[in-house]
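> query.cif (mmCIF, C-alpha atoms) pasted underneath:
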```cif
data_structure
loop_
_atom_site.label_atom_id
_atom_site.label_comp_id
_atom_site.auth_asym_id
_atom_site.auth_seq_id
_atom_site.Cartn_x
_atom_site.Cartn_y
_atom_site.Cartn_z
CA MET A 1 0.00 0.00 0.00
CA LYS A 2 1.50 3.26 -1.14
CA ILE A 3 3.05 5.62 1.42
CA ILE A 4 0.93 8.71 2.03
CA GLU A 5 2.41 12.09 2.87
CA GLY A 6 0.69 13.23 6.01
CA THR A 7 -0.34 16.84 6.59
CA SER A 8 -2.48 18.63 9.14
CA GLU A 9 -5.25 18.62 6.51
CA ASN A 10 -5.34 14.90 5.76
CA PHE A 11 -4.12 13.53 9.11
CA GLU A 12 -7.59 12.85 10.50
CA LYS A 13 -8.71 11.06 7.37
CA VAL A 14 -5.61 8.96 6.63
CA VAL A 15 -4.47 8.26 10.19
CA LEU A 16 -7.15 8.76 12.81
CA LYS A 17 -10.07 7.40 10.75
CA SER A 18 -8.11 4.58 9.10
CA LYS A 19 -9.68 1.11 9.26
CA ILE A 20 -6.24 -0.55 9.34
CA PRO A 21 -3.23 0.10 11.61
CA VAL A 22 -1.17 3.13 10.62
CA LEU A 23 2.54 3.71 11.12
CA VAL A 24 3.34 7.43 11.14
CA ASP A 25 6.97 8.36 10.51
CA PHE A 26 7.80 11.89 11.67
CA ASN A 27 10.98 12.81 9.78
CA ALA A 28 12.98 15.57 8.15
CA VAL A 29 15.25 15.87 5.15
CA TRP A 30 18.20 17.01 7.28
CA CYS A 31 18.05 13.98 9.57
CA PRO A 32 20.36 11.17 8.37
CA PRO A 33 18.77 8.37 10.41
CA CYS A 34 15.40 9.36 8.90
CA GLN A 35 16.85 8.98 5.42
CA ALA A 36 18.40 5.66 6.42
CA LEU A 37 15.00 4.42 7.55
CA HIS A 38 13.19 5.38 4.38
CA PRO A 39 14.09 2.34 2.22
CA THR A 40 12.71 0.05 4.95
CA LEU A 41 9.41 1.93 4.94
CA GLU A 42 9.28 1.80 1.12
CA GLU A 43 9.79 -1.97 1.18
CA MET A 44 7.17 -2.45 3.86
CA SER A 45 4.64 -0.38 1.97
CA GLU A 46 5.23 -2.39 -1.19
CA ASP A 47 4.96 -5.73 0.56
CA SER A 48 1.84 -5.39 2.67
CA ASP A 49 -1.74 -4.17 2.53
CA GLU A 50 -2.35 -4.92 6.20
CA TYR A 51 -1.23 -1.49 7.34
CA GLN A 52 -0.75 2.05 6.04
CA ILE A 53 2.48 4.03 6.29
CA VAL A 54 2.23 7.81 6.55
CA THR A 55 5.26 10.10 6.55
CA VAL A 56 5.16 13.57 8.10
CA ASP A 57 7.84 16.17 7.37
CA VAL A 58 8.31 17.94 10.70
CA ASP A 59 9.55 21.13 9.05
CA GLU A 60 6.46 21.41 6.89
CA GLU A 61 4.12 20.26 9.64
CA GLN A 62 5.43 21.83 12.83
CA MET A 63 2.02 22.11 14.46
CA LEU A 64 1.22 18.48 13.79
CA ALA A 65 4.59 17.29 15.09
CA GLY A 66 4.21 19.56 18.10
CA SER A 67 0.74 18.27 18.91
CA TYR A 68 2.15 14.75 19.15
CA GLY A 69 5.13 15.90 21.22
CA VAL A 70 7.69 14.81 18.66
CA SER A 71 11.06 15.88 20.02
CA SER A 72 13.50 13.40 18.47
CA ILE A 73 13.34 12.00 14.98
CA PRO A 74 12.76 9.64 13.32
CA CYS A 75 9.75 9.23 15.59
CA LEU A 76 7.50 6.30 14.68
CA ILE A 77 3.99 6.18 16.10
CA VAL A 78 1.50 3.37 15.57
CA PHE A 79 -2.18 4.31 15.52
CA LYS A 80 -5.05 1.84 15.78
CA ASP A 81 -8.65 3.06 15.63
CA GLY A 82 -7.43 6.61 16.00
CA GLU A 83 -5.46 5.92 19.17
CA GLU A 84 -1.70 5.95 19.65
CA VAL A 85 -0.74 2.42 20.71
CA ASP A 86 3.06 2.45 20.42
CA ARG A 87 5.88 4.88 19.79
CA ARG A 88 9.56 4.35 18.94
CA VAL A 89 12.35 6.85 18.47
CA GLY A 90 15.36 6.31 16.22
CA LEU A 91 16.20 3.79 13.54
CA GLN A 92 14.20 0.58 13.81
CA PRO A 93 14.53 -2.73 12.00
CA ARG A 94 11.59 -3.84 9.88
CA LYS A 95 10.76 -6.74 12.20
CA ARG A 96 10.27 -4.44 15.17
CA LEU A 97 8.04 -2.11 13.17
CA GLU A 98 5.94 -5.07 12.04
CA LYS A 99 5.75 -6.27 15.62
CA ILE A 100 4.45 -2.96 16.95
CA LEU A 101 1.98 -2.84 14.06
CA GLY A 102 0.76 -6.25 15.23
CA VAL A 103 1.33 -8.06 11.93
CA ARG A 104 4.16 -10.33 13.03
CA MET B 1 24.84 -23.70 10.63
CA TYR B 2 26.87 -20.72 9.47
CA ASP B 3 30.62 -20.62 9.12
CA LEU B 4 30.55 -17.11 10.53
CA ILE B 5 28.07 -14.88 12.31
CA ILE B 6 28.96 -11.21 12.49
CA VAL B 7 27.29 -9.25 15.27
CA GLY B 8 26.85 -5.66 14.09
CA GLY B 9 26.34 -4.22 10.61
CA GLY B 10 28.59 -1.17 10.74
CA PRO B 11 31.75 -0.63 8.67
CA ALA B 12 33.74 -3.28 10.60
CA GLY B 13 30.97 -5.88 10.47
CA LEU B 14 30.07 -5.36 6.81
CA THR B 15 33.72 -5.34 5.73
CA SER B 16 34.12 -8.62 7.60
CA ALA B 17 31.14 -9.91 5.63
CA ILE B 18 32.72 -8.84 2.34
CA TYR B 19 35.99 -10.62 3.12
CA ALA B 20 34.22 -13.70 4.49
CA CYS B 21 31.95 -14.09 1.47
CA ARG B 22 34.86 -13.68 -0.90
CA ALA B 23 36.61 -16.45 1.05
CA GLY B 24 33.60 -18.68 0.48
CA LEU B 25 32.29 -18.66 4.06
CA LYS B 26 28.57 -18.96 4.72
CA THR B 27 28.02 -15.68 6.51
CA LEU B 28 25.22 -14.07 8.50
CA VAL B 29 25.25 -10.47 9.73
CA LEU B 30 23.00 -9.67 12.70
CA GLU B 31 22.16 -5.98 13.02
CA ALA B 32 20.04 -4.52 15.84
CA ASN B 33 18.82 -1.38 14.09
CA ALA B 34 19.95 -0.41 10.60
CA CYS B 35 23.17 -1.12 8.76
CA GLY B 36 25.91 1.49 8.83
CA GLY B 37 26.26 2.19 12.53
CA GLN B 38 27.66 5.46 13.74
CA ILE B 39 28.88 6.56 10.30
CA ILE B 40 25.29 7.11 9.11
CA VAL B 41 25.14 10.54 10.72
CA ALA B 42 28.38 11.80 9.13
CA ALA B 43 27.45 14.52 6.65
CA ASP B 44 30.60 14.18 4.58
CA ILE B 45 33.42 11.65 4.87
CA GLU B 46 36.62 13.32 3.71
CA ASN B 47 39.27 10.96 5.02
CA TYR B 48 38.44 7.61 3.47
CA PRO B 49 41.07 6.80 0.82
CA ALA B 50 39.90 7.31 -2.76
CA ALA B 51 36.32 8.08 -1.75
CA MET B 52 37.04 11.86 -1.76
CA HIS B 53 33.61 13.00 -0.60
CA ILE B 54 30.80 10.68 0.35
CA SER B 55 27.99 11.03 2.87
CA GLY B 56 27.91 8.55 5.73
CA LEU B 57 24.53 7.37 4.59
CA ASP B 58 25.72 6.64 1.04
CA PHE B 59 28.81 4.94 2.39
CA ALA B 60 26.66 2.68 4.58
CA LYS B 61 24.26 1.89 1.75
CA ARG B 62 27.07 0.95 -0.63
CA LEU B 63 28.75 -1.20 1.98
CA GLU B 64 25.49 -3.05 2.67
CA GLU B 65 24.87 -3.57 -1.06
CA GLN B 66 28.40 -4.84 -1.58
CA ALA B 67 28.09 -7.38 1.26
CA GLU B 68 24.71 -8.59 0.00
CA GLU B 69 25.87 -8.79 -3.60
CA LEU B 70 28.70 -11.05 -2.48
CA GLY B 71 26.24 -13.33 -0.72
CA ALA B 72 26.07 -12.21 2.90
CA GLU B 73 22.75 -12.72 4.66
CA ILE B 74 21.63 -9.81 6.80
CA GLU B 75 19.06 -10.28 9.58
CA PHE B 76 17.70 -7.63 11.90
CA ASP B 77 17.84 -8.98 15.40
CA LYS B 78 19.45 -7.64 18.57
CA VAL B 79 21.99 -10.08 19.96
CA ILE B 80 21.64 -10.60 23.71
CA ALA B 81 24.19 -13.37 24.33
CA ILE B 82 26.84 -15.57 22.77
CA GLU B 83 27.34 -19.04 24.23
CA ASP B 84 30.51 -20.96 23.60
CA LYS B 85 29.67 -24.63 22.94
CA GLY B 86 33.18 -25.48 21.82
CA GLU B 87 33.01 -26.33 18.12
CA THR B 88 29.88 -24.24 17.68
CA LYS B 89 28.81 -20.89 19.04
CA LEU B 90 25.19 -20.24 19.91
CA VAL B 91 24.16 -16.66 19.22
CA ARG B 92 20.98 -15.61 21.00
CA GLY B 93 18.99 -12.77 19.53
CA GLU B 94 15.83 -11.15 20.87
CA ASP B 95 13.83 -12.95 18.18
CA ASN B 96 15.79 -16.08 17.24
CA GLU B 97 18.79 -18.26 17.98
CA TYR B 98 21.56 -18.85 15.47
CA GLU B 99 24.51 -21.23 15.28
CA ALA B 100 27.91 -20.76 13.72
CA LYS B 101 31.40 -22.15 13.84
CA THR B 102 32.83 -18.68 14.46
CA VAL B 103 31.64 -15.24 15.56
CA ILE B 104 32.97 -11.75 14.98
CA ILE B 105 31.76 -9.11 17.44
CA ALA B 106 31.55 -5.75 15.69
CA THR B 107 28.99 -3.92 17.79
CA GLY B 108 30.80 -0.59 17.95
CA THR B 109 30.00 2.04 20.52
CA GLU B 110 26.97 4.00 21.69
CA PRO B 111 26.55 7.42 23.32
CA ARG B 112 27.39 7.37 27.02
CA LYS B 113 24.34 7.97 29.18
CA LEU B 114 24.09 10.18 32.26
CA ALA B 115 22.89 7.19 34.30
CA LEU B 116 20.03 9.19 35.80
CA GLU B 117 16.87 7.41 36.83
CA ASN B 118 14.32 8.72 34.30
CA GLU B 119 16.80 9.23 31.43
CA GLU B 120 15.63 6.28 29.29
CA GLU B 121 11.98 7.32 29.36
CA LEU B 122 12.86 10.90 28.39
CA ILE B 123 14.65 9.86 25.19
CA GLY B 124 12.41 11.32 22.54
CA HIS B 125 10.84 13.62 25.13
CA GLY B 126 13.60 16.17 25.45
CA VAL B 127 16.71 14.09 26.07
CA SER B 128 18.84 13.52 22.98
CA TYR B 129 22.30 12.24 22.11
CA CYS B 130 22.42 13.70 18.59
CA ALA B 131 22.34 17.46 18.11
CA THR B 132 22.50 17.24 14.33
CA CYS B 133 19.50 14.86 14.34
CA ASP B 134 17.23 16.69 16.75
CA GLY B 135 18.66 20.21 17.06
CA PRO B 136 16.48 21.78 14.35
CA LEU B 137 13.37 20.75 16.30
CA TYR B 138 14.31 23.31 18.94
CA LYS B 139 14.14 26.48 16.92
CA ASP B 140 13.80 29.44 19.32
CA LYS B 141 13.69 27.10 22.32
CA ILE B 142 16.01 26.79 25.33
CA VAL B 143 18.47 23.90 25.22
CA ALA B 144 21.44 22.63 27.19
CA VAL B 145 24.46 20.62 26.11
CA TYR B 146 26.23 18.47 28.69
CA GLY B 147 29.89 17.74 28.06
CA GLY B 148 33.23 19.42 27.56
CA GLY B 149 34.93 17.79 24.59
CA TYR B 150 35.17 18.71 20.92
CA SER B 151 31.80 17.27 20.05
CA ALA B 152 30.00 18.98 22.96
CA VAL B 153 31.50 22.38 22.08
CA GLY B 154 30.77 21.79 18.39
CA GLU B 155 27.18 20.85 19.17
CA ALA B 156 26.68 23.92 21.37
CA ASN B 157 27.97 26.07 18.54
CA TYR B 158 25.64 24.39 16.05
CA LEU B 159 22.65 24.73 18.37
CA SER B 160 23.38 28.41 19.03
CA ASN B 161 22.36 29.09 15.42
CA ILE B 162 18.99 27.44 15.98
CA ALA B 163 17.90 27.77 19.61
CA LYS B 164 17.02 30.93 21.50
CA ARG B 165 19.36 30.09 24.35
CA VAL B 166 22.07 27.45 24.80
CA TYR B 167 23.68 26.40 28.07
CA ILE B 168 26.81 24.30 27.89
CA ILE B 169 27.40 22.51 31.15
CA HIS B 170 30.67 20.81 31.95
CA ARG B 171 31.82 19.08 35.12
CA ARG B 172 35.41 20.32 34.91
CA ASP B 173 36.86 23.84 35.04
CA GLU B 174 37.93 23.93 31.41
CA PHE B 175 36.86 22.54 28.06
CA ARG B 176 38.92 20.03 26.10
CA ALA B 177 38.10 21.60 22.75
CA SER B 178 40.48 23.96 20.94
CA ALA B 179 40.88 27.52 22.23
CA LYS B 180 39.57 28.84 18.92
CA MET B 181 36.36 26.84 19.17
CA ILE B 182 35.77 28.06 22.72
CA GLU B 183 36.42 31.70 21.81
CA LYS B 184 33.88 31.37 19.02
CA LEU B 185 31.35 29.97 21.44
CA LYS B 186 31.98 32.64 24.09
CA ALA B 187 31.40 35.35 21.51
CA LYS B 188 27.81 34.23 21.00
CA ASP B 189 25.21 36.30 22.84
CA ASN B 190 22.85 33.40 23.38
CA VAL B 191 25.34 30.93 24.88
CA GLU B 192 26.07 30.56 28.57
CA LEU B 193 28.97 28.45 29.82
CA ILE B 194 28.47 26.70 33.14
CA LEU B 195 31.61 25.01 34.47
CA ASN B 196 32.37 22.78 37.47
CA SER B 197 28.82 21.49 37.41
CA THR B 198 27.12 18.14 37.13
CA ILE B 199 23.54 17.34 36.25
CA THR B 200 21.87 15.62 39.19
CA SER B 201 18.30 15.30 38.01
CA LEU B 202 16.04 15.57 34.99
CA ASN B 203 12.72 17.16 35.87
CA ALA B 204 9.78 16.34 33.67
CA ASP B 205 6.09 15.70 33.50
CA LYS B 206 5.85 13.94 30.15
CA ASN B 207 8.50 16.08 28.49
CA LEU B 208 11.69 17.47 29.96
CA LYS B 209 10.99 20.74 31.78
CA SER B 210 14.20 21.52 33.61
CA ILE B 211 17.46 20.11 34.85
CA THR B 212 19.01 20.37 38.29
CA ILE B 213 22.72 21.05 38.40
CA GLU B 214 25.11 20.91 41.29
CA SER B 215 28.04 23.31 41.44
CA ASN B 216 30.40 23.24 44.42
CA GLY B 217 27.78 21.76 46.68
CA GLU B 218 25.04 24.16 45.62
CA THR B 219 22.10 23.08 43.51
CA LYS B 220 20.28 25.12 40.92
CA GLU B 221 17.38 24.43 38.56
CA ILE B 222 17.56 25.52 34.93
CA GLU B 223 14.53 25.47 32.66
CA VAL B 224 15.23 23.77 29.33
CA ASP B 225 13.21 22.31 26.47
CA ALA B 226 15.94 19.86 25.56
CA LEU B 227 19.16 18.39 26.89
CA PHE B 228 21.80 17.15 24.48
CA VAL B 229 24.09 14.70 26.24
CA SER B 230 27.58 14.68 24.76
CA ILE B 231 29.85 12.94 27.25
CA GLY B 232 31.61 10.53 24.96
CA ARG B 233 30.85 7.02 23.84
CA THR B 234 30.93 3.62 25.45
CA PRO B 235 31.38 0.19 23.82
CA SER B 236 28.22 -1.81 23.15
CA THR B 237 29.56 -4.97 24.73
CA SER B 238 27.45 -5.54 27.84
CA ALA B 239 25.73 -8.58 26.27
CA PHE B 240 28.96 -10.58 26.05
CA LYS B 241 29.56 -11.85 29.56
CA ASP B 242 32.43 -14.29 29.01
CA ILE B 243 34.50 -12.11 26.71
CA ARG B 244 37.46 -10.40 28.34
CA THR B 245 37.19 -6.61 28.28
CA THR B 246 38.91 -3.65 29.87
CA GLU B 247 37.22 -1.98 32.83
CA ASP B 248 35.38 0.39 30.53
CA GLY B 249 34.06 -2.45 28.37
CA TYR B 250 36.32 -2.50 25.31
CA ILE B 251 37.05 -6.04 24.15
CA GLU B 252 40.66 -7.15 24.43
CA GLY B 253 41.52 -8.52 21.03
CA ASP B 254 45.09 -8.59 19.95
CA GLN B 255 45.04 -9.44 16.22
CA CYS B 256 41.23 -9.37 16.58
CA ARG B 257 41.25 -12.59 18.66
CA THR B 258 39.27 -12.60 21.92
CA ASN B 259 39.94 -14.85 24.91
CA ILE B 260 37.43 -17.37 23.53
CA PRO B 261 38.71 -19.50 20.61
CA GLY B 262 36.50 -18.97 17.58
CA VAL B 263 35.18 -15.61 18.77
CA PHE B 264 36.78 -12.55 17.23
CA VAL B 265 36.34 -8.78 17.51
CA ALA B 266 36.50 -5.96 14.96
CA GLY B 267 35.98 -2.22 14.92
CA ASP B 268 35.37 0.44 17.55
CA CYS B 269 34.43 -1.98 20.37
CA ARG B 270 37.99 -3.42 20.32
CA VAL B 271 40.82 -2.05 22.47
CA LYS B 272 42.84 0.21 20.14
CA ASP B 273 44.33 3.67 19.91
CA VAL B 274 42.78 4.93 16.70
CA ARG B 275 39.03 4.63 16.07
CA GLN B 276 38.47 5.69 12.49
CA LEU B 277 36.57 4.38 9.50
CA VAL B 278 39.77 2.96 7.98
CA THR B 279 40.75 1.16 11.17
CA ALA B 280 37.26 -0.32 11.46
CA THR B 281 37.30 -1.69 7.92
CA ALA B 282 40.89 -2.87 8.37
CA ASP B 283 39.82 -4.82 11.44
CA GLY B 284 37.24 -6.56 9.28
CA ALA B 285 39.92 -7.94 6.98
CA ILE B 286 42.18 -8.98 9.87
CA ALA B 287 39.35 -10.64 11.81
CA VAL B 288 38.27 -12.72 8.81
CA ASN B 289 41.85 -13.80 8.21
CA GLU B 290 41.91 -15.06 11.80
CA VAL B 291 38.53 -16.76 11.29
CA GLN B 292 39.96 -18.64 8.30
CA LYS B 293 43.06 -19.71 10.22
CA TYR B 294 40.83 -20.98 13.04
CA LEU B 295 38.55 -22.91 10.68
CA GLN B 296 41.48 -24.57 8.94
CA LYS B 297 42.84 -25.93 12.22
#
```
Show me this structure written as structure tokens.


Amino acid sequence: MKIIEGTSENFEKVVLKSKIPVLVDFNAVWCPPCQALHPTLEEMSEDSDEYQIVTVDVDEEQMLAGSYGVSSIPCLIVFKDGEEVDRRVGLQPRKRLEKILGVR
Amino acid sequence: MYDLIIVGGGPAGLTSAIYACRAGLKTLVLEANACGGQIIVAADIENYPAAMHISGLDFAKRLEEQAEELGAEIEFDKVIAIEDKGETKLVRGEDNEYEAKTVIIATGTEPRKLALENEEELIGHGVSYCATCDGPLYKDKIVAVYGGGYSAVGEANYLSNIAKRVYIIHRRDEFRASAKMIEKLKAKDNVELILNSTITSLNADKNLKSITIESNGETKEIEVDALFVSIGRTPSTSAFKDIRTTEDGYIEGDQCRTNIPGVFVAGDCRVKDVRQLVTATADGAIAVNEVQKYLQK
């Protein structure tokens, strides 16, 4: 399932109202670990339809990042039925991301 | 059963994988997070022979591709123990167990922590170990840097261009960075140097609100939005109980051989004088040469 770029406009629709688990990746272009994580997220999005991946650029979306208290990036938050259920900071292997999404 | 399991997918581990695969060894690399290790955050590598300029991220990607192209398997699992069963070594990960005839430990180093009670839970909530990663999130905020070396002074300087106010707190009475760097920092209006002080507590509700520092027996609270801890690095070797290390955790490995036959060490987690990209990759070649000698016995 294709990665969606999250914004304050579409966040409610694509994350909070999603019928499937959502992994939100708060990132920035100047953050090397965020860039290092990106290929993993691409692969995951290509391989599975069980969850949705949404990326949020913290520079473009400061209010959104602020409202979720994002203070270190990459910050990965899993939402289920509109609720935050898990949160990880820093580079994560695919397996761990799948585990917190509940698909492994 | 693998001929070789390499613990850690940084420059030392992946170079080991390249040499091992070229020598025809069935090789598995176990990486806890993402391949590349510490070098990922380097903006520009200028001292690697013949590479001229390359970003740490590109370097890591190319290294990973090269190892995989040569036939190395890479699994993402955090190794929690290595058990010596004589001829075979049992490598326990958080998710699985693996067996090999030989092991190379190439786990590198990690940022040294303050060892304060609520530090772990505040990572991502105001406590950071990487100013270049998280600094830009603190535009016009108040931040503190803890440490007195080159990287701490460099980070304070970097943050002074972003944050409203920067405190640099150091436990000694002078910094270890160059005089020029310190002059540059002192010249900034928004930087305050606090010497002879240690951080004794991190005060937070959900996010960091302030830090308490102790200077000559007196305590003081400073309001901050973030604390960047820059007090050096420590080897990531606590999982390996039977391996001989120095008091500060570096693995003793003359010629990359540890005290356990069949278990080798490469890269920054090994006792050595120079920790550079070239010495890490060089260790990879030496360690695999030792692995081959051991397997031929």

> Only residues of chain A matter here; which ones have an atom within 6 Å of chain B, counting all atoms listed in the file? Give them as a list in words.

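Per the criterion, chain A yields Cys31, Pro32, Ser71, Ser72, Leu91, Gln92 and Pro93 of chain A.
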
> Take atom CA of B:Tyr294 and atom CA of B:Leu277 and report the distance between them in Å, one decimal.

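Interatomic distance here is 26.0 Å.
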
> Using all atoms listed in the file, what residues lie at most 12 Å away from (-4.0, 18.6, 7.4) (file coordinates), given as a PDB file with C-alpha atoms, keeping the file's coordinate frame?


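See out-v2.pdb below for the written result:
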```pdb
ATOM      1  CA  GLU A   5       2.410  12.090   2.870  1.00  0.00           C
ATOM      2  CA  GLY A   6       0.690  13.230   6.010  1.00  0.00           C
ATOM      3  CA  THR A   7      -0.340  16.840   6.590  1.00  0.00           C
ATOM      4  CA  SER A   8      -2.480  18.630   9.140  1.00  0.00           C
ATOM      5  CA  GLU A   9      -5.250  18.620   6.510  1.00  0.00           C
ATOM      6  CA  ASN A  10      -5.340  14.900   5.760  1.00  0.00           C
ATOM      7  CA  PHE A  11      -4.120  13.530   9.110  1.00  0.00           C
ATOM      8  CA  GLU A  12      -7.590  12.850  10.500  1.00  0.00           C
ATOM      9  CA  LYS A  13      -8.710  11.060   7.370  1.00  0.00           C
ATOM     10  CA  VAL A  14      -5.610   8.960   6.630  1.00  0.00           C
ATOM     11  CA  VAL A  15      -4.470   8.260  10.190  1.00  0.00           C
ATOM     12  CA  LEU A  16      -7.150   8.760  12.810  1.00  0.00           C
ATOM     13  CA  VAL A  56       5.160  13.570   8.100  1.00  0.00           C
ATOM     14  CA  GLU A  60       6.460  21.410   6.890  1.00  0.00           C
ATOM     15  CA  GLU A  61       4.120  20.260   9.640  1.00  0.00           C
ATOM     16  CA  GLN A  62       5.430  21.830  12.830  1.00  0.00           C
ATOM     17  CA  MET A  63       2.020  22.110  14.460  1.00  0.00           C
ATOM     18  CA  LEU A  64       1.220  18.480  13.790  1.00  0.00           C
ATOM     19  CA  ALA A  65       4.590  17.290  15.090  1.00  0.00           C
TER      20      ALA A  65
END
```

> Expand the PyMOL selection byres ((chain B and resi 108) around 10) into the explicit residue set it covers here, and present it as a PDB file with C-alpha atoms, in the frame of the given file.


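For reference, part_25.pdb as written:
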```pdb
ATOM      1  CA  VAL B   7      27.290  -9.250  15.270  1.00  0.00           C
ATOM      2  CA  GLY B   8      26.850  -5.660  14.090  1.00  0.00           C
ATOM      3  CA  GLY B   9      26.340  -4.220  10.610  1.00  0.00           C
ATOM      4  CA  GLY B  10      28.590  -1.170  10.740  1.00  0.00           C
ATOM      5  CA  PRO B  11      31.750  -0.630   8.670  1.00  0.00           C
ATOM      6  CA  ALA B  12      33.740  -3.280  10.600  1.00  0.00           C
ATOM      7  CA  GLY B  13      30.970  -5.880  10.470  1.00  0.00           C
ATOM      8  CA  GLY B  37      26.260   2.190  12.530  1.00  0.00           C
ATOM      9  CA  GLN B  38      27.660   5.460  13.740  1.00  0.00           C
ATOM     10  CA  ILE B 105      31.760  -9.110  17.440  1.00  0.00           C
ATOM     11  CA  ALA B 106      31.550  -5.750  15.690  1.00  0.00           C
ATOM     12  CA  THR B 107      28.990  -3.920  17.790  1.00  0.00           C
ATOM     13  CA  THR B 109      30.000   2.040  20.520  1.00  0.00           C
ATOM     14  CA  GLU B 110      26.970   4.000  21.690  1.00  0.00           C
ATOM     15  CA  ARG B 233      30.850   7.020  23.840  1.00  0.00           C
ATOM     16  CA  THR B 234      30.930   3.620  25.450  1.00  0.00           C
ATOM     17  CA  PRO B 235      31.380   0.190  23.820  1.00  0.00           C
ATOM     18  CA  SER B 236      28.220  -1.810  23.150  1.00  0.00           C
ATOM     19  CA  THR B 237      29.560  -4.970  24.730  1.00  0.00           C
ATOM     20  CA  TYR B 250      36.320  -2.500  25.310  1.00  0.00           C
ATOM     21  CA  VAL B 265      36.340  -8.780  17.510  1.00  0.00           C
ATOM     22  CA  ALA B 266      36.500  -5.960  14.960  1.00  0.00           C
ATOM     23  CA  GLY B 267      35.980  -2.220  14.920  1.00  0.00           C
ATOM     24  CA  ASP B 268      35.370   0.440  17.550  1.00  0.00           C
ATOM     25  CA  CYS B 269      34.430  -1.980  20.370  1.00  0.00           C
ATOM     26  CA  ARG B 270      37.990  -3.420  20.320  1.00  0.00           C
ATOM     27  CA  ARG B 275      39.030   4.630  16.070  1.00  0.00           C
ATOM     28  CA  ALA B 280      37.260  -0.320  11.460  1.00  0.00           C
TER      29      ALA B 280
END
```

> Determine the residue membership of the PyMOL selection byres ((chain B and resi 20) around 9) for the file above and supply it as a list of chain:residue names.

B:Leu4, B:Thr15, B:Ser16, B:Ala17, B:Ile18, B:Tyr19, B:Cys21, B:Arg22, B:Ala23, B:Gly24, B:Leu25, B:Lys26, B:Thr27, B:Ala72, B:Ala285, B:Val288, B:Asn289, B:Val291, B:Gln292

> Return as a ChimeraX atom specification the set of residues that the PyMOL selection byres ((chain A and resi 20) around 9) yields on the displayed structure.

/A:17-19,21-22,49-52,79-81

> What gap, in Å, lies between atom CA of B:Asp84 and atom CA of B:Gln296?

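The value is 18.7 Å.
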
> Could you please determine the separation between atom CA of B:Phe59 and atom CA of A:Val29 in Å, to one decimal place?

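So the two atoms, atom CA of B:Phe59 and atom CA of A:Val29, lie 17.6 Å apart.
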
> Enclose all atoms of stretch 248-258 of chain B listed in the file in an axis-aligned box, grow every side by 3 Å, and hand back centre and edge lengths in Å to one decimal, as JSON.


```
{"center_x": 39.6, "center_y": -6.1, "center_z": 23.4, "size_x": 17.0, "size_y": 19.0, "size_z": 20.3}
```

> Using all atoms listed in the file, which of A:Tyr68, A:Ser48, A:Ile53, A:Val58 sits nearest A:Arg104?

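Counting all atoms listed in the file, the residue closest to A:Arg104 is A:Ser48.
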
> Quick one: residues within 10 Å of (14.7, 7.9, 12.3) (file frame), counting all atoms listed in the file, please, as an mmCIF file with C-alpha atoms, in the frame of the given file.


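Here's the written file result39.cif:
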```
data_model
loop_
_atom_site.group_PDB
_atom_site.id
_atom_site.type_symbol
_atom_site.label_atom_id
_atom_site.label_comp_id
_atom_site.auth_asym_id
_atom_site.auth_seq_id
_atom_site.Cartn_x
_atom_site.Cartn_y
_atom_site.Cartn_z
ATOM 1 C CA ASP A 25 6.970 8.360 10.510
ATOM 2 C CA PHE A 26 7.800 11.890 11.670
ATOM 3 C CA ASN A 27 10.980 12.810 9.780
ATOM 4 C CA ALA A 28 12.980 15.570 8.150
ATOM 5 C CA CYS A 31 18.050 13.980 9.570
ATOM 6 C CA PRO A 32 20.360 11.170 8.370
ATOM 7 C CA PRO A 33 18.770 8.370 10.410
ATOM 8 C CA CYS A 34 15.400 9.360 8.900
ATOM 9 C CA GLN A 35 16.850 8.980 5.420
ATOM 10 C CA ALA A 36 18.400 5.660 6.420
ATOM 11 C CA LEU A 37 15.000 4.420 7.550
ATOM 12 C CA HIS A 38 13.190 5.380 4.380
ATOM 13 C CA SER A 72 13.500 13.400 18.470
ATOM 14 C CA ILE A 73 13.340 12.000 14.980
ATOM 15 C CA PRO A 74 12.760 9.640 13.320
ATOM 16 C CA CYS A 75 9.750 9.230 15.590
ATOM 17 C CA LEU A 76 7.500 6.300 14.680
ATOM 18 C CA ARG A 88 9.560 4.350 18.940
ATOM 19 C CA VAL A 89 12.350 6.850 18.470
ATOM 20 C CA GLY A 90 15.360 6.310 16.220
ATOM 21 C CA LEU A 91 16.200 3.790 13.540
ATOM 22 C CA GLN A 92 14.200 0.580 13.810
ATOM 23 C CA ALA B 34 19.950 -0.410 10.600
ATOM 24 C CA CYS B 133 19.500 14.860 14.340
#
```

> Excluding stretch 190-199 of chain B and its own-chain neighbours fewer than 3 positions away, which residues fall within 8 Å of it when counting all atoms listed in the file? Please give them as a PyMOL selection string.

chain B and resi 156+160+164-174+185-186+202+211-216

> Go through A:Ser45, A:Asp57, A:Gly102, A:Ile77 one by one, measure the shortest atom-to-atom distance of each to A:Ile3 using all atoms listed in the file, and give the residue with the smallest value.

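Closest to A:Ile3, using all atoms listed in the file: A:Ser45.
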